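**Student:** Contents are mmCIF, C-alpha atoms and all ligand atoms; file name my_file-v2.cif:
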data_target
#
loop_
_atom_site.label_atom_id
_atom_site.label_comp_id
_atom_site.auth_asym_id
_atom_site.auth_seq_id
_atom_site.Cartn_x
_atom_site.Cartn_y
_atom_site.Cartn_z
CA MET D 8 37.12 15.87 13.66
CA PRO D 9 35.14 13.98 16.35
CA PRO D 10 31.47 13.61 15.54
CA VAL D 11 29.28 16.39 16.90
CA PRO D 12 27.37 14.90 19.86
CA ILE D 13 23.64 14.72 19.21
CA SER D 14 21.88 16.06 22.28
CA PRO D 15 19.28 13.49 23.29
CA ILE D 16 15.81 14.87 23.73
CA LYS D 17 14.64 14.40 27.32
CA VAL D 18 10.88 13.87 27.31
CA GLY D 19 10.45 12.29 30.76
CA HIS D 20 7.96 9.53 31.45
CA ILE D 21 5.12 9.33 28.96
CA ASP D 22 2.15 7.32 30.22
CA ASP D 23 0.39 5.26 27.58
CA VAL D 24 -3.16 6.60 27.90
CA GLN D 25 -4.84 3.30 27.02
CA GLU D 26 -2.91 1.51 29.78
CA LEU D 27 -3.68 4.32 32.19
CA ARG D 28 -7.35 4.03 31.41
CA LYS D 29 -7.24 0.25 31.92
CA THR D 30 -5.33 0.22 35.20
CA LYS D 31 -6.32 3.52 36.87
CA PRO D 32 -9.50 4.66 35.14
CA ARG D 33 -10.02 7.72 37.34
CA THR D 34 -6.44 8.97 37.49
CA ILE D 35 -5.32 11.91 35.36
CA PRO D 36 -1.58 12.42 35.88
CA GLN D 37 -0.58 16.06 36.23
CA ARG D 38 1.22 16.01 32.87
CA PHE D 39 -2.15 15.64 31.16
CA VAL D 40 -3.92 18.35 33.15
CA ARG D 41 -4.01 21.53 31.10
CA ASP D 42 -3.57 25.02 32.48
CA MET D 43 -6.89 26.83 32.95
CA THR D 44 -6.47 28.84 29.75
CA GLU D 45 -5.98 25.71 27.65
CA ARG D 46 -8.84 23.61 29.00
CA PRO D 47 -11.48 22.73 26.42
CA THR D 48 -15.10 23.73 26.19
CA LEU D 49 -17.13 20.56 25.76
CA THR D 50 -20.15 22.08 24.12
CA THR D 51 -23.01 20.42 22.34
CA PRO D 52 -23.66 21.69 18.78
CA LEU D 53 -23.47 25.45 18.35
CA PRO D 54 -26.25 27.33 16.52
CA PRO D 55 -25.81 28.54 12.89
CA PRO D 56 -23.55 29.72 11.36
CA TYR D 57 -21.22 27.54 13.44
CA SER D 58 -23.22 24.38 12.78
CA ASP D 59 -22.98 24.88 9.03
CA MET D 60 -19.58 23.45 8.14
CA PRO D 61 -19.70 23.18 4.34
CA VAL D 62 -20.45 19.87 2.66
CA ILE D 63 -19.04 19.29 -0.82
CA ASP D 64 -20.61 16.72 -3.10
CA PHE D 65 -17.70 15.19 -5.00
CA TYR D 66 -20.06 13.47 -7.44
CA LYS D 67 -21.46 16.85 -8.52
CA LEU D 68 -17.94 18.27 -8.88
CA SER D 69 -16.61 15.42 -10.98
CA LYS D 70 -19.63 14.09 -12.85
CA GLY D 71 -22.36 16.68 -12.47
CA ASN D 72 -23.90 18.75 -15.26
CA LYS D 73 -22.33 22.12 -16.06
CA GLU D 74 -24.50 23.99 -13.59
CA GLU D 75 -23.82 21.51 -10.78
CA VAL D 76 -20.08 21.64 -11.43
CA LEU D 77 -20.05 25.44 -11.31
CA THR D 78 -22.19 25.59 -8.17
CA GLU D 79 -20.03 23.00 -6.41
CA LEU D 80 -16.81 24.73 -7.48
CA PHE D 81 -18.18 27.93 -5.99
CA ASN D 82 -19.15 26.10 -2.78
CA LEU D 83 -15.68 24.57 -2.57
CA ALA D 84 -13.95 27.92 -3.06
CA THR D 85 -16.21 29.51 -0.42
CA ALA D 86 -15.55 26.63 1.99
CA CYS D 87 -11.80 26.98 1.57
CA GLU D 88 -11.87 30.75 2.01
CA GLU D 89 -14.36 31.01 4.87
CA TRP D 90 -13.80 27.78 6.79
CA GLY D 91 -10.57 26.09 5.69
CA PHE D 92 -12.49 22.90 6.42
CA PHE D 93 -15.25 20.98 4.66
CA GLN D 94 -16.74 17.50 4.56
CA VAL D 95 -16.77 15.56 1.26
CA ILE D 96 -19.63 13.24 0.46
CA ASN D 97 -19.86 10.84 -2.51
CA HIS D 98 -16.06 10.75 -2.63
CA GLU D 99 -16.02 7.49 -4.62
CA ILE D 100 -13.85 5.65 -2.12
CA ASP D 101 -15.28 2.20 -1.45
CA LEU D 102 -17.06 2.31 1.91
CA ASN D 103 -15.85 -1.23 2.62
CA LEU D 104 -12.29 0.03 2.40
CA LEU D 105 -13.08 2.83 4.87
CA GLU D 106 -14.61 0.25 7.18
CA SER D 107 -11.60 -2.07 6.83
CA ILE D 108 -9.04 0.62 7.68
CA GLU D 109 -11.17 1.63 10.65
CA ASN D 110 -11.47 -1.94 11.94
CA LEU D 111 -7.79 -2.73 11.43
CA SER D 112 -6.66 0.52 13.08
CA ARG D 113 -8.85 -0.27 16.05
CA GLU D 114 -7.48 -3.82 16.18
CA PHE D 115 -3.96 -2.41 16.13
CA PHE D 116 -4.63 -0.12 19.10
CA MET D 117 -6.27 -3.02 20.97
CA LEU D 118 -3.10 -5.16 20.70
CA PRO D 119 -1.09 -5.66 23.90
CA LEU D 120 1.26 -2.77 24.62
CA GLU D 121 4.37 -4.96 24.08
CA GLU D 122 3.20 -5.71 20.53
CA LYS D 123 2.60 -2.05 19.70
CA GLN D 124 5.92 -1.11 21.26
CA LYS D 125 7.71 -3.18 18.63
CA TYR D 126 7.15 -0.10 16.48
CA PRO D 127 8.18 2.70 18.83
CA MET D 128 8.05 6.36 17.92
CA ALA D 129 11.50 7.47 19.08
CA PRO D 130 11.61 10.84 20.89
CA GLY D 131 11.86 13.64 18.34
CA THR D 132 10.55 11.49 15.47
CA VAL D 133 7.05 11.22 14.04
CA GLN D 134 6.68 7.65 12.78
CA GLY D 135 5.59 4.61 14.78
CA TYR D 136 3.53 4.16 17.93
CA GLY D 137 3.55 6.70 20.75
CA GLN D 138 3.15 10.44 21.23
CA ALA D 139 4.61 12.77 18.61
CA PHE D 140 5.72 16.37 19.14
CA VAL D 141 6.96 15.92 22.72
CA PHE D 142 10.26 17.69 23.24
CA SER D 143 10.62 18.39 26.96
CA GLU D 144 9.95 16.90 30.36
CA ASP D 145 7.54 19.62 31.41
CA GLN D 146 5.45 19.65 28.23
CA LYS D 147 1.79 18.76 28.70
CA LEU D 148 0.72 15.53 27.03
CA ASP D 149 -2.26 14.78 24.82
CA TRP D 150 -4.89 12.22 25.82
CA CYS D 151 -4.13 10.22 22.71
CA ASN D 152 -2.10 7.34 21.34
CA MET D 153 -0.79 7.75 17.81
CA PHE D 154 0.49 5.46 15.15
CA ALA D 155 2.02 7.18 12.12
CA LEU D 156 3.67 5.99 8.92
CA GLY D 157 5.32 7.73 6.00
CA ILE D 158 3.74 6.41 2.79
CA GLU D 159 5.09 8.19 -0.29
CA PRO D 160 7.60 8.68 -1.80
CA GLN D 161 9.65 5.66 -0.78
CA TYR D 162 12.23 7.89 0.93
CA VAL D 163 9.79 8.79 3.74
CA ARG D 164 9.08 5.12 4.51
CA ASN D 165 10.53 3.26 7.43
CA PRO D 166 9.76 -0.41 6.62
CA ASN D 167 10.71 -1.49 10.18
CA LEU D 168 7.69 0.37 11.50
CA TRP D 169 5.08 -1.35 9.34
CA PRO D 170 3.27 -3.72 11.72
CA LYS D 171 2.99 -7.45 11.13
CA LYS D 172 -0.19 -7.53 13.19
CA PRO D 173 -3.07 -7.33 12.65
CA GLU D 174 -2.91 -9.41 9.52
CA LYS D 175 -3.78 -7.35 6.41
CA PHE D 176 -3.00 -4.08 8.24
CA SER D 177 -0.12 -3.09 5.98
CA GLU D 178 -1.74 -4.09 2.71
CA THR D 179 -4.93 -2.25 3.66
CA VAL D 180 -2.93 0.88 4.54
CA GLU D 181 -1.37 0.65 1.04
CA GLU D 182 -4.71 0.31 -0.70
CA TYR D 183 -6.34 3.01 1.42
CA SER D 184 -3.46 5.41 0.85
CA GLY D 185 -3.64 4.88 -2.91
CA GLU D 186 -7.33 5.83 -2.92
CA ILE D 187 -6.83 8.84 -0.65
CA ARG D 188 -3.95 9.98 -2.85
CA LYS D 189 -6.24 10.02 -5.90
CA LEU D 190 -8.83 11.98 -3.92
CA CYS D 191 -6.19 14.52 -2.88
CA TYR D 192 -5.03 15.07 -6.46
CA ASN D 193 -8.65 15.46 -7.58
CA LEU D 194 -9.45 17.91 -4.81
CA LEU D 195 -6.33 19.91 -5.59
CA THR D 196 -7.51 20.15 -9.20
CA TYR D 197 -10.87 21.58 -8.15
CA ILE D 198 -9.26 23.86 -5.57
CA ALA D 199 -6.93 25.18 -8.30
CA LEU D 200 -9.86 25.77 -10.69
CA GLY D 201 -11.79 27.55 -7.93
CA LEU D 202 -8.80 29.84 -7.47
CA GLY D 203 -8.76 30.66 -11.19
CA LEU D 204 -5.59 28.60 -11.75
CA LYS D 205 -4.99 25.80 -14.23
CA GLY D 206 -6.41 22.51 -12.95
CA ASP D 207 -3.04 20.75 -12.92
CA GLU D 208 -1.13 23.65 -11.34
CA PHE D 209 -0.64 22.04 -7.90
CA GLU D 210 -0.10 18.53 -9.20
CA LYS D 211 2.69 19.76 -11.50
CA MET D 212 4.21 21.91 -8.78
CA PHE D 213 4.16 19.22 -6.06
CA GLY D 214 6.29 16.59 -7.85
CA ILE D 215 5.95 13.18 -6.22
CA SER D 216 3.85 14.33 -3.31
CA VAL D 217 4.73 13.39 0.25
CA GLN D 218 2.00 11.42 1.98
CA ALA D 219 1.79 10.18 5.55
CA VAL D 220 -0.94 8.52 7.56
CA ARG D 221 -1.58 8.87 11.27
CA MET D 222 -4.08 6.95 13.33
CA ASN D 223 -5.17 8.73 16.50
CA TYR D 224 -6.82 6.74 19.29
CA TYR D 225 -8.47 8.71 22.09
CA PRO D 226 -9.54 6.50 25.05
CA PRO D 227 -12.39 7.70 27.26
CA CYS D 228 -11.26 10.08 29.98
CA SER D 229 -12.89 10.51 33.40
CA ARG D 230 -12.18 14.29 33.28
CA PRO D 231 -12.38 15.39 29.63
CA ASP D 232 -12.74 18.97 30.87
CA LEU D 233 -9.13 18.91 32.12
CA VAL D 234 -7.33 17.37 29.16
CA LEU D 235 -6.94 17.75 25.40
CA GLY D 236 -7.12 14.81 23.00
CA LEU D 237 -4.83 16.65 20.61
CA SER D 238 -3.23 20.05 21.16
CA PRO D 239 -4.34 22.97 18.96
CA HIS D 240 -2.40 23.08 15.70
CA SER D 241 -2.58 23.73 12.01
CA ASP D 242 -1.46 20.97 9.65
CA GLY D 243 1.90 21.27 7.91
CA SER D 244 0.52 19.62 4.80
CA ALA D 245 -1.14 21.05 1.68
CA LEU D 246 -4.34 19.09 2.34
CA THR D 247 -5.36 16.79 5.16
CA VAL D 248 -8.00 14.07 4.89
CA LEU D 249 -9.60 12.97 8.14
CA GLN D 250 -11.71 9.87 8.55
CA GLN D 251 -13.64 9.70 11.82
CA ALA D 252 -14.49 6.15 12.85
CA LYS D 253 -18.17 5.27 12.93
CA GLY D 254 -20.08 5.60 16.18
CA GLY D 255 -17.49 7.84 17.81
CA PRO D 256 -18.37 10.96 19.77
CA VAL D 257 -17.84 14.48 18.47
CA GLY D 258 -14.15 15.21 19.06
CA LEU D 259 -12.79 17.56 16.43
CA GLN D 260 -13.06 21.28 17.15
CA ILE D 261 -11.97 24.05 14.81
CA LEU D 262 -11.22 27.64 15.69
CA LYS D 263 -13.61 29.91 13.82
CA ASP D 264 -14.00 33.60 14.69
CA ASN D 265 -12.18 32.89 17.96
CA THR D 266 -14.74 30.22 18.90
CA TRP D 267 -13.97 26.51 19.21
CA VAL D 268 -16.58 24.92 16.96
CA PRO D 269 -17.31 21.19 17.39
CA ILE D 270 -17.66 19.35 14.09
CA GLN D 271 -20.55 16.90 13.80
CA PRO D 272 -19.39 13.91 11.76
CA ILE D 273 -21.49 13.01 8.72
CA PRO D 274 -21.60 9.22 8.25
CA ASN D 275 -19.26 8.07 5.44
CA ALA D 276 -18.04 11.61 4.73
CA LEU D 277 -14.37 12.60 4.89
CA VAL D 278 -13.28 15.84 6.52
CA ILE D 279 -10.79 17.85 4.45
CA ASN D 280 -8.75 20.78 5.64
CA ILE D 281 -6.40 23.27 4.08
CA GLY D 282 -2.85 22.97 5.41
CA ASP D 283 -0.01 25.44 5.77
CA THR D 284 1.30 24.83 2.21
CA ILE D 285 -1.89 26.10 0.57
CA GLU D 286 -1.99 29.07 2.95
CA VAL D 287 1.50 30.06 1.81
CA LEU D 288 0.88 29.42 -1.90
CA THR D 289 -2.30 31.53 -1.87
CA ASN D 290 -0.61 34.25 0.23
CA GLY D 291 -3.20 33.71 2.98
CA LYS D 292 -6.32 33.80 0.76
CA TYR D 293 -7.03 30.26 1.97
CA ARG D 294 -5.92 29.76 5.56
CA SER D 295 -4.87 26.64 7.42
CA VAL D 296 -7.28 26.71 10.32
CA GLU D 297 -6.28 25.83 13.85
CA HIS D 298 -7.99 22.74 15.25
CA ARG D 299 -7.81 20.36 18.19
CA ALA D 300 -9.44 17.19 19.49
CA VAL D 301 -11.21 16.75 22.81
CA ALA D 302 -11.72 13.54 24.79
CA HIS D 303 -15.04 12.07 25.91
CA GLU D 304 -16.04 10.81 29.34
CA GLU D 305 -17.49 7.46 28.23
CA LYS D 306 -16.64 6.84 24.62
CA ASP D 307 -13.38 6.24 22.84
CA ARG D 308 -12.69 7.82 19.45
CA LEU D 309 -10.54 6.86 16.50
CA SER D 310 -9.48 9.04 13.61
CA ILE D 311 -7.39 8.18 10.56
CA VAL D 312 -5.60 11.15 9.12
CA THR D 313 -3.72 11.53 5.83
CA PHE D 314 -1.27 14.39 5.30
CA PHE D 315 -0.63 15.24 1.66
CA ALA D 316 2.16 17.65 0.81
CA PRO D 317 4.65 18.63 -1.91
CA SER D 318 7.84 16.69 -2.43
CA TYR D 319 10.65 17.88 -0.14
CA GLU D 320 12.70 19.62 -2.84
CA VAL D 321 9.75 21.77 -3.99
CA GLU D 322 10.29 25.48 -3.45
CA LEU D 323 7.27 27.18 -1.96
CA GLY D 324 6.23 30.78 -1.56
CA PRO D 325 3.18 32.88 -2.46
CA MET D 326 2.19 32.48 -6.10
CA PRO D 327 2.34 35.74 -8.10
CA GLU D 328 -1.42 35.47 -8.78
CA PHE D 329 -2.06 36.23 -5.08
CA VAL D 330 0.37 39.08 -4.57
CA ASP D 331 -0.32 42.70 -5.54
CA GLU D 332 -0.22 46.13 -3.94
CA ASN D 333 -3.31 45.36 -1.86
CA HIS D 334 -2.02 41.91 -0.94
CA PRO D 335 1.67 42.25 -0.10
CA CYS D 336 3.72 39.09 0.02
CA LYS D 337 3.34 37.63 3.52
CA TYR D 338 5.60 34.58 3.31
CA LYS D 339 9.20 33.94 2.33
CA ARG D 340 10.39 31.23 -0.06
CA TYR D 341 11.61 27.92 1.34
CA SER D 342 11.57 24.24 0.41
CA HIS D 343 8.90 21.93 1.77
CA GLY D 344 11.72 19.75 3.15
CA GLU D 345 12.90 22.68 5.29
CA TYR D 346 9.36 23.33 6.47
CA SER D 347 8.79 19.67 7.23
CA LYS D 348 11.93 19.55 9.35
CA HIS D 349 10.84 22.65 11.22
CA TYR D 350 7.31 21.27 11.73
CA VAL D 351 8.33 17.92 13.13
CA THR D 352 10.91 19.38 15.51
CA ASN D 353 8.48 21.72 17.27
CA LYS D 354 5.60 21.07 19.59
CA LEU D 355 2.06 21.59 18.35
CA GLN D 356 1.19 25.11 19.37
CA GLY D 357 -1.62 26.62 17.37
CA LYS D 358 -0.34 28.23 14.19
CA LYS D 359 3.09 28.95 15.59
CA THR D 360 4.91 26.61 13.19
CA LEU D 361 3.83 28.83 10.29
CA ASP D 362 5.87 31.71 11.79
CA PHE D 363 8.80 29.95 10.10
CA ALA D 364 7.44 31.07 6.72
CA LYS D 365 6.17 34.53 7.68
CA ILE D 366 7.82 37.71 6.52
CA GLN D 367 8.01 39.81 9.65
CA THR D 368 6.36 43.19 9.13
CA LYS D 369 7.46 46.24 11.12
CA ASN D 370 4.93 47.31 13.69
CA LYS D 371 4.11 50.91 12.69
CA ASN D 372 2.52 51.82 16.08
C1 LIG D 401 2.93 12.58 13.68
O1 LIG D 401 3.13 12.99 12.39
C2 LIG D 401 2.52 14.06 11.89
O2 LIG D 401 1.70 14.63 12.52
C3 LIG D 401 2.89 14.49 10.57
C4 LIG D 401 3.99 13.82 10.03
C5 LIG D 401 4.07 13.35 8.83
C6 LIG D 401 5.21 12.68 8.28
C7 LIG D 401 5.47 11.36 8.58
C8 LIG D 401 4.69 10.57 9.55
C9 LIG D 401 6.58 10.64 7.93
C10 LIG D 401 6.98 11.26 6.66
C11 LIG D 401 7.21 12.69 6.78
C12 LIG D 401 6.04 13.48 7.33
C13 LIG D 401 6.62 14.71 8.03
C14 LIG D 401 5.14 13.97 6.19
C15 LIG D 401 2.22 15.51 9.99
O3 LIG D 401 2.37 15.77 8.67
C16 LIG D 401 2.29 17.06 8.19
C17 LIG D 401 3.42 17.88 8.60
C18 LIG D 401 4.14 18.20 7.51
C19 LIG D 401 5.33 19.09 7.42
C20 LIG D 401 3.56 17.58 6.40
O4 LIG D 401 3.95 17.64 5.25
O5 LIG D 401 2.45 16.93 6.79
O1 LIG D 402 -8.72 13.42 15.52
C1 LIG D 402 -9.07 14.48 15.04
O2 LIG D 402 -10.23 14.80 14.84
C2 LIG D 402 -8.02 15.53 14.68
C3 LIG D 402 -6.77 14.94 14.14
C4 LIG D 402 -5.81 15.96 13.63
O3 LIG D 402 -6.07 17.12 13.59
C5 LIG D 402 -4.47 15.52 13.19
O4 LIG D 402 -4.14 14.33 13.32
O5 LIG D 402 -3.72 16.38 12.68
FE FE D 403 -4.61 18.21 12.34
#
Now that the file is in, can you turn its structure into structure tokens?
**Tutor:**
Amino acid sequence: MPPVPISPIKVGHIDDVQELRKTKPRTIPQRFVRDMTERPTLTTPLPPPYSDMPVIDFYKLSKGNKEEVLTELFNLATACEEWGFFQVINHEIDLNLLESIENLSREFFMLPLEEKQKYPMAPGTVQGYGQAFVFSEDQKLDWCNMFALGIEPQYVRNPNLWPKKPEKFSETVEEYSGEIRKLCYNLLTYIALGLGLKGDEFEKMFGISVQAVRMNYYPPCSRPDLVLGLSPHSDGSALTVLQQAKGGPVGLQILKDNTWVPIQPIPNALVINIGDTIEVLTNGKYRSVEHRAVAHEEKDRLSIVTFFAPSYEVELGPMPEFVDENHPCKYKRYSHGEYSKHYVTNKLQGKKTLDFAKIQTKNKN
């Protein structure tokens, strides 16, 4: 039989936003201009409760006295249930390492375009340099350049996409990813305990967890009110760890009670969010919250994001502990590999990717 032709994805011309900013600083091509309904609100901090994104002290969780541990476990459980997002302080990751990954990521994005394009993100794929999640010629583009790498297990790695420049980039990504991996396993232990599960429940279930890193670079934009740095989405991971580079403007916004809430970075803290996997496993008790990034008129912004997820062969579905007659099963069973494939072959569109896992209920009206 002749091979089945693979239909090439036609994405049209994708401007590199850094080059655009350099050569035509006031031009916003139409492909970046969002429809009225999608344009961001560029608000300064909102009043409480929206300014109160939970802060979790990892030192208290891991090394505190009994009372501190219990209080922090309660705070963590409340953060996961009410916000889906929290910032971790005292996370035990060497601040010099955080600074190094930040500096090297910035250096990477500052390389000439030809150098970065040695590691191209091919249309329809998610690793390398470029814009991910673009599948058609009329799709709006994000005001962002990305560089993404699969880290663990070895089968998600593409060694050809690991950059030779800047020097030390690749070895620092390795070291950084090892530290973030430990943090993720630790956080999953405390999240499990907060849910009344055994501490090692998720670690055992996840097998050799999939881990990927993505650096997002948002150049300044003369009309941040017209564009989005990153389209609204929920993360397809179990947990996501976000490092916001020092000195950057507020850029991350999360959707809480139908309001886009800007998140004020805390120096040296890491932002953690619950991804789709945990939403499914807990049958929606903990939700993966929609978020987006906005651009800034004068300042650039850099974020370094780690996605941590189960191994591809792991079967997922709501755990029995979270299903009863008052909490009917909301999601089907599937493997994380299937979900991953679905996630990376669809554009970012709020929480739409999670529809893949939802059991459709009949509308009784
Ligand atoms: C641009 O990439 C992403 O946003 C992303 C992709 C992660 C991945 C790689 C860069 C290579 C290895 C595979 C993997 C899909 C994990 C987001 O990651 C989320 C989405 C899923 C699904 C997930 O597990 O993490
Ligand atoms: O840059 C940010 O603040 C958001 C990044 C993000 O949500 C992502 O990469 O998935
Ligand atoms: Fe995200």
**Student:** Ranking D:Ile285, D:Val312, D:Leu83, D:Leu237 by minimum distance to D:Pro47 and counting all atoms listed in the file, which one comes first?
**Tutor:**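 Closest to D:Pro47, using all atoms listed in the file: D:Leu237.
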**Student:** With all atoms listed in the file as the atoms that count, which of D:Ala155, D:Val268, D:Val234, D:Leu168 lies nearest to ligand LIG 401 (chain D)?
**Tutor:** D:Ala155
**Student:** Write out as number ranges by chain the residues lying within 7 Å of D:Pro231, counting all atoms listed in the file and excluding same-chain residues fewer than 4 positions away.
**Tutor:** D: 302-304
**Student:** Hey, what's within 12 Å of D:Pro15 if we count only C-alpha atoms and toss same-chain stuff fewer than 2 positions away? As a ChimeraX atom specification, please?
**Tutor:** /D:12-13,17-19,129-132,142-143
**Student:** For ligand FE 403 (chain D), which of D:Gln356, D:Asn280, D:Thr289, D:Ser112 is the closest residue, counting all atoms listed in the file?
**Tutor:** D:Asn280
**Student:** Taking only C-alpha atoms and all ligand atoms into account, name the residue in D:Asn110, D:Ser342, D:Gln260, D:Thr78 that is nearest to ligand LIG 402 (chain D).
**Tutor:**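 Ranking D:Asn110, D:Ser342, D:Gln260, D:Thr78 by distance to ligand LIG 402 (chain D), first place goes to D:Gln260.
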**Student:** Could you give me the axis-aligned bounding box of ligand LIG 402 (chain D), with 5 Å of padding per side, as centre plus edge lengths in Å to one decimal, as AutoDock Vina command-line options?
**Tutor:**
--center_x -7.0 --center_y 15.3 --center_z 14.1 --size_x 16.5 --size_y 13.7 --size_z 12.8
**Student:** Taking only C-alpha atoms into account, which of D:Ala139, D:Cys191, D:Gln250, D:Asp232 comes nearest D:Leu104?
**Tutor:** D:Gln250
**Student:** Give me, as a PyMOL selection string, all polymer residues having an atom no more than 8 Å from D:Lys292, counting all atoms listed in the file and skipping those fewer than 4 positions away in the same chain.
**Tutor:** chain D and resi 88+286+329
**Student:** Just the selected residues (C-alpha atoms), exported as a PDB file, in the coordinates of the input, please.
**Tutor:**
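Output contents, as saved in part32.pdb:
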ATOM      1  CA  GLU D  88     -11.870  30.750   2.010  1.00  0.00           C
ATOM      2  CA  GLU D 286      -1.990  29.070   2.950  1.00  0.00           C
ATOM      3  CA  PHE D 329      -2.060  36.230  -5.080  1.00  0.00           C
TER       4      PHE D 329
END
**Student:** List as a PyMOL selection string the protein and nucleic acid residues near D:Lys189, meaning an atom at most 12 Å away when only C-alpha atoms are counted, but skip any in the same chain fewer than 4 places from it.
**Tutor:** chain D and resi 98-100+182-185+193-196+210+216+218+248+315
**Student:** Place N, CA and C atoms on stretch 91-110 of chain D and deliver the coordinates as a PDB file, keeping the file's coordinate frame.
**Tutor:**
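Output saved as part.pdb:
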ATOM      1  N   GLY D  91     -11.820  26.880   5.700  1.00  0.00           N
ATOM      2  CA  GLY D  91     -10.570  26.090   5.690  1.00  0.00           C
ATOM      3  C   GLY D  91     -10.830  24.621   5.936  1.00  0.00           C
ATOM      4  N   PHE D  92     -12.072  24.273   6.124  1.00  0.00           N
ATOM      5  CA  PHE D  92     -12.490  22.900   6.420  1.00  0.00           C
ATOM      6  C   PHE D  92     -13.789  22.619   5.665  1.00  0.00           C
ATOM      7  N   PHE D  93     -13.954  21.392   5.210  1.00  0.00           N
ATOM      8  CA  PHE D  93     -15.250  20.980   4.660  1.00  0.00           C
ATOM      9  C   PHE D  93     -15.350  19.462   4.732  1.00  0.00           C
ATOM     10  N   GLN D  94     -16.571  18.957   4.591  1.00  0.00           N
ATOM     11  CA  GLN D  94     -16.740  17.500   4.560  1.00  0.00           C
ATOM     12  C   GLN D  94     -17.082  17.112   3.119  1.00  0.00           C
ATOM     13  N   VAL D  95     -16.501  16.030   2.632  1.00  0.00           N
ATOM     14  CA  VAL D  95     -16.770  15.560   1.260  1.00  0.00           C
ATOM     15  C   VAL D  95     -17.665  14.335   1.325  1.00  0.00           C
ATOM     16  N   ILE D  96     -18.773  14.426   0.580  1.00  0.00           N
ATOM     17  CA  ILE D  96     -19.630  13.240   0.460  1.00  0.00           C
ATOM     18  C   ILE D  96     -19.518  12.703  -0.980  1.00  0.00           C
ATOM     19  N   ASN D  97     -19.946  11.490  -1.177  1.00  0.00           N
ATOM     20  CA  ASN D  97     -19.860  10.840  -2.510  1.00  0.00           C
ATOM     21  C   ASN D  97     -18.451  10.916  -3.081  1.00  0.00           C
ATOM     22  N   HIS D  98     -17.472  10.590  -2.230  1.00  0.00           N
ATOM     23  CA  HIS D  98     -16.060  10.750  -2.630  1.00  0.00           C
ATOM     24  C   HIS D  98     -15.541   9.605  -3.486  1.00  0.00           C
ATOM     25  N   GLU D  99     -16.366   8.623  -3.739  1.00  0.00           N
ATOM     26  CA  GLU D  99     -16.020   7.490  -4.620  1.00  0.00           C
ATOM     27  C   GLU D  99     -15.048   6.508  -4.000  1.00  0.00           C
ATOM     28  N   ILE D 100     -14.693   6.666  -2.742  1.00  0.00           N
ATOM     29  CA  ILE D 100     -13.850   5.650  -2.120  1.00  0.00           C
ATOM     30  C   ILE D 100     -14.774   4.577  -1.535  1.00  0.00           C
ATOM     31  N   ASP D 101     -14.452   3.332  -1.865  1.00  0.00           N
ATOM     32  CA  ASP D 101     -15.280   2.200  -1.450  1.00  0.00           C
ATOM     33  C   ASP D 101     -15.494   2.242   0.084  1.00  0.00           C
ATOM     34  N   LEU D 102     -16.759   2.212   0.474  1.00  0.00           N
ATOM     35  CA  LEU D 102     -17.060   2.310   1.910  1.00  0.00           C
ATOM     36  C   LEU D 102     -16.545   1.088   2.668  1.00  0.00           C
ATOM     37  N   ASN D 103     -16.413  -0.041   1.956  1.00  0.00           N
ATOM     38  CA  ASN D 103     -15.850  -1.230   2.620  1.00  0.00           C
ATOM     39  C   ASN D 103     -14.382  -1.009   2.985  1.00  0.00           C
ATOM     40  N   LEU D 104     -13.693  -0.249   2.115  1.00  0.00           N
ATOM     41  CA  LEU D 104     -12.290   0.030   2.400  1.00  0.00           C
ATOM     42  C   LEU D 104     -12.175   0.961   3.632  1.00  0.00           C
ATOM     43  N   LEU D 105     -13.085   1.934   3.703  1.00  0.00           N
ATOM     44  CA  LEU D 105     -13.080   2.830   4.870  1.00  0.00           C
ATOM     45  C   LEU D 105     -13.364   2.018   6.144  1.00  0.00           C
ATOM     46  N   GLU D 106     -14.275   1.068   6.010  1.00  0.00           N
ATOM     47  CA  GLU D 106     -14.610   0.250   7.180  1.00  0.00           C
ATOM     48  C   GLU D 106     -13.418  -0.638   7.568  1.00  0.00           C
ATOM     49  N   SER D 107     -12.749  -1.183   6.536  1.00  0.00           N
ATOM     50  CA  SER D 107     -11.600  -2.070   6.830  1.00  0.00           C
ATOM     51  C   SER D 107     -10.484  -1.307   7.554  1.00  0.00           C
ATOM     52  N   ILE D 108     -10.167  -0.105   7.059  1.00  0.00           N
ATOM     53  CA  ILE D 108      -9.040   0.620   7.680  1.00  0.00           C
ATOM     54  C   ILE D 108      -9.420   0.993   9.126  1.00  0.00           C
ATOM     55  N   GLU D 109     -10.690   1.300   9.304  1.00  0.00           N
ATOM     56  CA  GLU D 109     -11.170   1.630  10.650  1.00  0.00           C
ATOM     57  C   GLU D 109     -11.029   0.429  11.576  1.00  0.00           C
ATOM     58  N   ASN D 110     -11.507  -0.744  11.101  1.00  0.00           N
ATOM     59  CA  ASN D 110     -11.470  -1.940  11.940  1.00  0.00           C
ATOM     60  C   ASN D 110     -10.032  -2.357  12.243  1.00  0.00           C
TER      61      ASN D 110
END
